[in-house]
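A.B. asks: input_9.cif is the file, holding mmCIF, C-alpha atoms; chains and numbers go by the auth columns:
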```cif
data_input
#
loop_
_atom_site.group_PDB
_atom_site.id
_atom_site.type_symbol
_atom_site.label_atom_id
_atom_site.label_comp_id
_atom_site.label_asym_id
_atom_site.label_seq_id
_atom_site.Cartn_x
_atom_site.Cartn_y
_atom_site.Cartn_z
_atom_site.B_iso_or_equiv
_atom_site.auth_seq_id
_atom_site.auth_asym_id
ATOM 1 C CA MET A 1 -91.852 -6.416 -4.575 0.00 1013 A
ATOM 2 C CA PRO A 2 -92.237 -3.186 -6.524 0.00 1014 A
ATOM 3 C CA TRP A 3 -91.424 -1.174 -3.407 0.00 1015 A
ATOM 4 C CA VAL A 4 -87.790 -2.383 -3.534 0.00 1016 A
ATOM 5 C CA ARG A 5 -87.450 -1.040 -7.072 0.00 1017 A
ATOM 6 C CA GLU A 6 -88.914 2.291 -5.988 0.00 1018 A
ATOM 7 C CA VAL A 7 -86.727 2.716 -2.883 0.00 1019 A
ATOM 8 C CA VAL A 8 -83.517 1.595 -4.601 0.00 1020 A
ATOM 9 C CA GLY A 9 -84.416 3.739 -7.619 0.00 1021 A
ATOM 10 C CA ASP A 10 -84.698 6.809 -5.386 0.00 1022 A
ATOM 11 C CA GLY A 11 -81.265 6.086 -3.929 0.00 1023 A
ATOM 12 C CA LEU A 12 -79.715 5.538 -7.353 0.00 1024 A
ATOM 13 C CA SER A 13 -81.259 8.772 -8.635 0.00 1025 A
ATOM 14 C CA ALA A 14 -79.570 10.631 -5.802 0.00 1026 A
ATOM 15 C CA LEU A 15 -76.257 8.923 -6.597 0.00 1027 A
ATOM 16 C CA LEU A 16 -76.620 9.927 -10.257 0.00 1028 A
ATOM 17 C CA ALA A 17 -77.190 13.528 -9.228 0.00 1029 A
ATOM 18 C CA LEU A 18 -73.799 13.517 -7.475 0.00 1030 A
ATOM 19 C CA ARG A 19 -72.017 12.820 -10.794 0.00 1031 A
ATOM 20 C CA LEU A 20 -69.452 10.606 -9.113 0.00 1032 A
ATOM 21 C CA LYS A 21 -66.386 9.075 -10.743 0.00 1033 A
ATOM 22 C CA ASN A 22 -67.266 5.745 -12.440 0.00 1034 A
ATOM 23 C CA THR A 23 -70.964 6.606 -12.667 0.00 1035 A
ATOM 24 C CA PRO A 24 -72.546 4.189 -15.178 0.00 1036 A
ATOM 25 C CA ALA A 25 -73.062 5.495 -18.688 0.00 1037 A
ATOM 26 C CA GLU A 26 -76.525 6.810 -19.441 0.00 1038 A
ATOM 27 C CA ASP A 27 -77.370 3.804 -21.632 0.00 1039 A
ATOM 28 C CA MET A 28 -76.396 1.435 -18.768 0.00 1040 A
ATOM 29 C CA ILE A 29 -78.454 3.024 -15.982 0.00 1041 A
ATOM 30 C CA GLU A 30 -81.479 0.762 -16.459 0.00 1042 A
ATOM 31 C CA LEU A 31 -79.382 -2.431 -16.368 0.00 1043 A
ATOM 32 C CA THR A 32 -77.446 -1.095 -13.391 0.00 1044 A
ATOM 33 C CA ALA A 33 -80.697 -0.410 -11.542 0.00 1045 A
ATOM 34 C CA ASP A 34 -81.939 -3.946 -12.260 0.00 1046 A
ATOM 35 C CA ILE A 35 -78.769 -5.419 -10.764 0.00 1047 A
ATOM 36 C CA TRP A 36 -79.050 -3.230 -7.670 0.00 1048 A
ATOM 37 C CA VAL A 37 -82.698 -4.209 -7.192 0.00 1049 A
ATOM 38 C CA GLN A 38 -81.784 -7.903 -7.399 0.00 1050 A
ATOM 39 C CA ALA A 39 -79.083 -7.425 -4.757 0.00 1051 A
ATOM 40 C CA PHE A 40 -81.462 -5.675 -2.369 0.00 1052 A
ATOM 41 C CA ARG A 41 -84.331 -8.136 -2.919 0.00 1053 A
ATOM 42 C CA GLN A 42 -82.203 -10.828 -1.294 0.00 1054 A
ATOM 43 C CA ARG A 43 -82.057 -8.772 1.900 0.00 1055 A
ATOM 44 C CA ALA A 44 -85.362 -6.920 1.981 0.00 1056 A
ATOM 45 C CA PHE A 45 -88.675 -8.676 2.465 0.00 1057 A
ATOM 46 C CA ILE A 46 -91.069 -6.516 4.470 0.00 1058 A
ATOM 47 C CA GLU A 47 -91.685 -3.010 3.187 0.00 1059 A
ATOM 48 C CA GLU A 48 -92.543 -1.467 6.565 0.00 1060 A
ATOM 49 C CA VAL A 49 -89.319 -2.822 8.080 0.00 1061 A
ATOM 50 C CA ASP A 50 -86.849 -2.819 5.202 0.00 1062 A
ATOM 51 C CA ALA A 51 -87.691 0.275 3.139 0.00 1063 A
ATOM 52 C CA PRO A 52 -86.522 2.641 5.914 0.00 1064 A
ATOM 53 C CA ARG A 53 -83.349 0.563 6.323 0.00 1065 A
ATOM 54 C CA ILE A 54 -82.522 0.891 2.608 0.00 1066 A
ATOM 55 C CA ARG A 55 -83.188 4.644 2.651 0.00 1067 A
ATOM 56 C CA GLU A 56 -80.951 5.017 5.696 0.00 1068 A
ATOM 57 C CA ALA A 57 -78.159 3.059 3.992 0.00 1069 A
ATOM 58 C CA PHE A 58 -78.219 5.444 1.046 0.00 1070 A
ATOM 59 C CA ARG A 59 -78.246 8.427 3.429 0.00 1071 A
ATOM 60 C CA ARG A 60 -75.216 6.982 5.211 0.00 1072 A
ATOM 61 C CA ILE A 61 -73.192 6.456 2.056 0.00 1073 A
ATOM 62 C CA PHE A 62 -73.679 9.896 0.482 0.00 1074 A
ATOM 63 C CA PRO A 63 -71.130 11.765 2.643 0.00 1075 A
ATOM 64 C CA ARG A 64 -68.568 8.936 2.391 0.00 1076 A
ATOM 65 C CA ILE A 65 -68.142 8.360 -1.320 0.00 1077 A
ATOM 66 C CA ARG A 66 -66.094 9.890 -4.105 0.00 1078 A
ATOM 67 C CA GLU A 67 -66.921 7.326 -6.766 0.00 1079 A
ATOM 68 C CA TRP A 68 -69.842 5.119 -7.749 0.00 1080 A
ATOM 69 C CA PRO A 69 -70.362 2.423 -5.108 0.00 1081 A
ATOM 70 C CA ALA A 70 -71.119 -1.268 -5.531 0.00 1082 A
ATOM 71 C CA PRO A 71 -74.479 -2.493 -4.205 0.00 1083 A
ATOM 72 C CA LEU A 72 -72.714 -4.223 -1.314 0.00 1084 A
ATOM 73 C CA ASP A 73 -71.209 -0.904 -0.201 0.00 1085 A
ATOM 74 C CA VAL A 74 -74.731 0.368 0.442 0.00 1086 A
ATOM 75 C CA ILE A 75 -76.117 -2.931 1.740 0.00 1087 A
ATOM 76 C CA GLU A 76 -73.404 -3.083 4.402 0.00 1088 A
ATOM 77 C CA LEU A 77 -74.600 0.296 5.712 0.00 1089 A
ATOM 78 C CA MET A 78 -78.175 -0.895 6.271 0.00 1090 A
ATOM 79 C CA PRO A 79 -79.069 -0.657 9.942 0.00 1091 A
ATOM 80 C CA PRO A 80 -80.050 -3.916 11.614 0.00 1092 A
ATOM 81 C CA ARG A 81 -83.671 -4.939 11.626 0.00 1093 A
ATOM 82 C CA PRO A 82 -85.512 -3.859 14.746 0.00 1094 A
ATOM 83 C CA GLU A 83 -85.818 -6.536 17.375 0.00 1095 A
ATOM 84 C CA ARG A 84 -89.118 -8.369 17.239 0.00 1096 A
ATOM 85 C CA LEU A 85 -91.521 -8.125 20.113 0.00 1097 A
ATOM 86 C CA LYS A 86 -91.334 -11.128 22.368 0.00 1098 A
ATOM 87 C CA LEU A 87 -94.261 -12.861 23.970 0.00 1099 A
ATOM 88 C CA PRO A 88 -94.285 -12.906 27.751 0.00 1100 A
ATOM 89 C CA GLN A 89 -93.473 -16.172 29.481 0.00 1101 A
ATOM 90 C CA PRO A 90 -96.638 -18.176 30.061 0.00 1102 A
ATOM 91 C CA LYS A 91 -97.850 -18.242 33.638 0.00 1103 A
ATOM 92 C CA VAL A 92 -98.226 -21.833 34.777 0.00 1104 A
ATOM 93 C CA SER A 93 -99.429 -22.719 38.243 0.00 1105 A
ATOM 94 C CA ASP A 94 -97.540 -25.300 40.300 0.00 1106 A
ATOM 95 C CA GLU A 95 -100.491 -27.672 39.928 0.00 1107 A
ATOM 96 C CA GLU A 96 -100.562 -27.290 36.134 0.00 1108 A
ATOM 97 C CA HIS A 97 -96.784 -27.734 35.998 0.00 1109 A
ATOM 98 C CA ALA A 98 -97.029 -30.991 37.979 0.00 1110 A
ATOM 99 C CA LYS A 99 -99.759 -32.282 35.621 0.00 1111 A
ATOM 100 C CA ASN A 100 -97.613 -31.458 32.579 0.00 1112 A
ATOM 101 C CA VAL A 101 -94.582 -33.211 34.060 0.00 1113 A
ATOM 102 C CA ALA A 102 -96.686 -36.321 34.763 0.00 1114 A
ATOM 103 C CA ARG A 103 -98.037 -36.297 31.163 0.00 1115 A
ATOM 104 C CA VAL A 104 -94.528 -36.061 29.741 0.00 1116 A
ATOM 105 C CA ARG A 105 -93.358 -38.934 31.967 0.00 1117 A
ATOM 106 C CA LEU A 106 -96.240 -41.092 30.709 0.00 1118 A
ATOM 107 C CA MET A 107 -95.337 -40.293 27.098 0.00 1119 A
ATOM 108 C CA VAL A 108 -91.671 -41.156 27.677 0.00 1120 A
ATOM 109 C CA GLU A 109 -92.578 -44.413 29.455 0.00 1121 A
ATOM 110 C CA SER A 110 -94.933 -45.351 26.618 0.00 1122 A
ATOM 111 C CA PHE A 111 -92.290 -44.565 24.030 0.00 1123 A
ATOM 112 C CA LEU A 112 -89.636 -46.626 25.828 0.00 1124 A
ATOM 113 C CA LYS A 113 -92.049 -49.527 26.325 0.00 1125 A
ATOM 114 C CA ASN A 114 -93.003 -49.623 22.634 0.00 1126 A
ATOM 115 C CA TRP A 115 -89.824 -48.407 20.945 0.00 1127 A
ATOM 116 C CA GLY A 116 -87.051 -48.799 23.510 0.00 1128 A
ATOM 117 C CA PRO A 117 -83.739 -50.565 22.899 0.00 1129 A
ATOM 118 C CA GLU A 118 -84.990 -53.903 24.228 0.00 1130 A
ATOM 119 C CA THR A 119 -87.912 -54.114 21.838 0.00 1131 A
ATOM 120 C CA THR A 120 -87.644 -55.074 18.228 0.00 1132 A
ATOM 121 C CA ARG A 121 -90.241 -54.491 15.595 0.00 1133 A
ATOM 122 C CA LYS A 122 -91.354 -57.762 14.051 0.00 1134 A
ATOM 123 C CA GLU A 123 -92.135 -56.222 10.649 0.00 1135 A
ATOM 124 C CA ASP A 124 -88.488 -55.076 10.159 0.00 1136 A
#
```
Let me see whether you can do it: turn the structure in this file into structure tokens.

C.D. replies:
Amino acid sequence: MPWVREVVGDGLSALLALRLKNTPAEDMIELTADIWVQAFRQRAFIEEVDAPRIREAFRRIFPRIREWPAPLDVIELMPPRPERLKLPQPKVSDEEHAKNVARVRLMVESFLKNWGPETTRKED
């Protein structure tokens, strides 16, 4: 998921530009970025859905911080995923419903006849 590295990297670059207290040393930036990417990869799976959420989390944290945040500080500010579209309820006629109920009854009767409490399997 190279897109996670890119989106998180953009956010970290902006944080670096703020020169906050406890900003990682220059020689630690790459390792810091790797840790942040790992943290976000556990919560981001679909680029079209999650990349905007990560960007928004960084936007939300910028006005709130005075020192370098932990990954969780940003993750907690991610907006929720949009609700998925739901399929409409299937339209079943009364006749079709009655047929389905009868089929289920036959299956249950067959199951009870062959596997019910009063039957025992001879091979056991």

A.B. asks: Taking all atoms listed in the file into account, name the residue in A:Trp1080, A:Gln1054, A:Pro1094, A:Trp1048 that is nearest to Leu1028 of chain A.

C.D. replies: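 Answer, going by the shortest atom-to-atom distance: A:Trp1080.
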
A.B. asks: Name all residues at most 6 Å from Glu1079 of chain A (count all atoms listed in the file; drop same-chain ones fewer than 4 positions away) and give them as JSON, numbers by chain.

C.D. replies: {"A": [1032, 1033, 1034]}

A.B. asks: Within 9 Å of Glu1088 of chain A, counting all atoms listed in the file, which residues qualify if same-chain residues fewer than 4 places away don't, as a ChimeraX atom specification?

C.D. replies: /A:1069,1083-1084

A.B. asks: Quick one: distance from atom CA of Glu1060 of chain A to atom CA of Glu1018 of chain A in Å, one decimal?

C.D. replies: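 Calculated distance between atom CA of Glu1060 of chain A and atom CA of Glu1018 of chain A is 13.6 Å.
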
A.B. asks: I'd like to see the residues matched by the PyMOL selection byres ((chain A and resi 1070) around 9) on this file, and ideally I'd get them as a ChimeraX atom specification.

C.D. replies: /A:1020,1023-1024,1026-1027,1065-1069,1071-1074,1086-1087,1089-1090

A.B. asks: Using the chain letters and numbers from the file, which residues does the PyMOL selection byres ((chain A and resi 1044) around 12) grab, as a list of chain:residue names?

C.D. replies: A:Arg1017, A:Val1020, A:Gly1021, A:Leu1024, A:Ser1025, A:Leu1028, A:Thr1035, A:Pro1036, A:Ala1037, A:Glu1038, A:Asp1039, A:Met1040, A:Ile1041, A:Glu1042, A:Leu1043, A:Ala1045, A:Asp1046, A:Ile1047, A:Trp1048, A:Val1049, A:Gln1050, A:Ala1051, A:Trp1080, A:Pro1081, A:Ala1082, A:Pro1083

A.B. asks: Since we have the selection now, will you write its residues out, keeping C-alpha atoms, as a compact mmCIF listing (two decimals), in the frame of the given file?

C.D. replies:
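Below you can see selection00.txt, which holds the result:
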```txt
# COMPACT_ATOMS: atom_id res chain seq x y z
CA ARG A 1017 -87.45 -1.04 -7.07
CA VAL A 1020 -83.52 1.60 -4.60
CA GLY A 1021 -84.42 3.74 -7.62
CA LEU A 1024 -79.72 5.54 -7.35
CA SER A 1025 -81.26 8.77 -8.64
CA LEU A 1028 -76.62 9.93 -10.26
CA THR A 1035 -70.96 6.61 -12.67
CA PRO A 1036 -72.55 4.19 -15.18
CA ALA A 1037 -73.06 5.50 -18.69
CA GLU A 1038 -76.53 6.81 -19.44
CA ASP A 1039 -77.37 3.80 -21.63
CA MET A 1040 -76.40 1.44 -18.77
CA ILE A 1041 -78.45 3.02 -15.98
CA GLU A 1042 -81.48 0.76 -16.46
CA LEU A 1043 -79.38 -2.43 -16.37
CA ALA A 1045 -80.70 -0.41 -11.54
CA ASP A 1046 -81.94 -3.95 -12.26
CA ILE A 1047 -78.77 -5.42 -10.76
CA TRP A 1048 -79.05 -3.23 -7.67
CA VAL A 1049 -82.70 -4.21 -7.19
CA GLN A 1050 -81.78 -7.90 -7.40
CA ALA A 1051 -79.08 -7.42 -4.76
CA TRP A 1080 -69.84 5.12 -7.75
CA PRO A 1081 -70.36 2.42 -5.11
CA ALA A 1082 -71.12 -1.27 -5.53
CA PRO A 1083 -74.48 -2.49 -4.20
```

A.B. asks: What does the structure give for the distance between atom CA of Glu1059 of chain A and atom CA of Leu1099 of chain A, in Å to one decimal?

C.D. replies: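 So the answer is 23.1 Å.
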
A.B. asks: Between atom CA of Val1113 of chain A and atom CA of Lys1098 of chain A, what is the distance in Å, rounded to a tenth?

C.D. replies: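 According to the coordinates, atom CA of Val1113 of chain A and atom CA of Lys1098 of chain A are separated by 25.2 Å.
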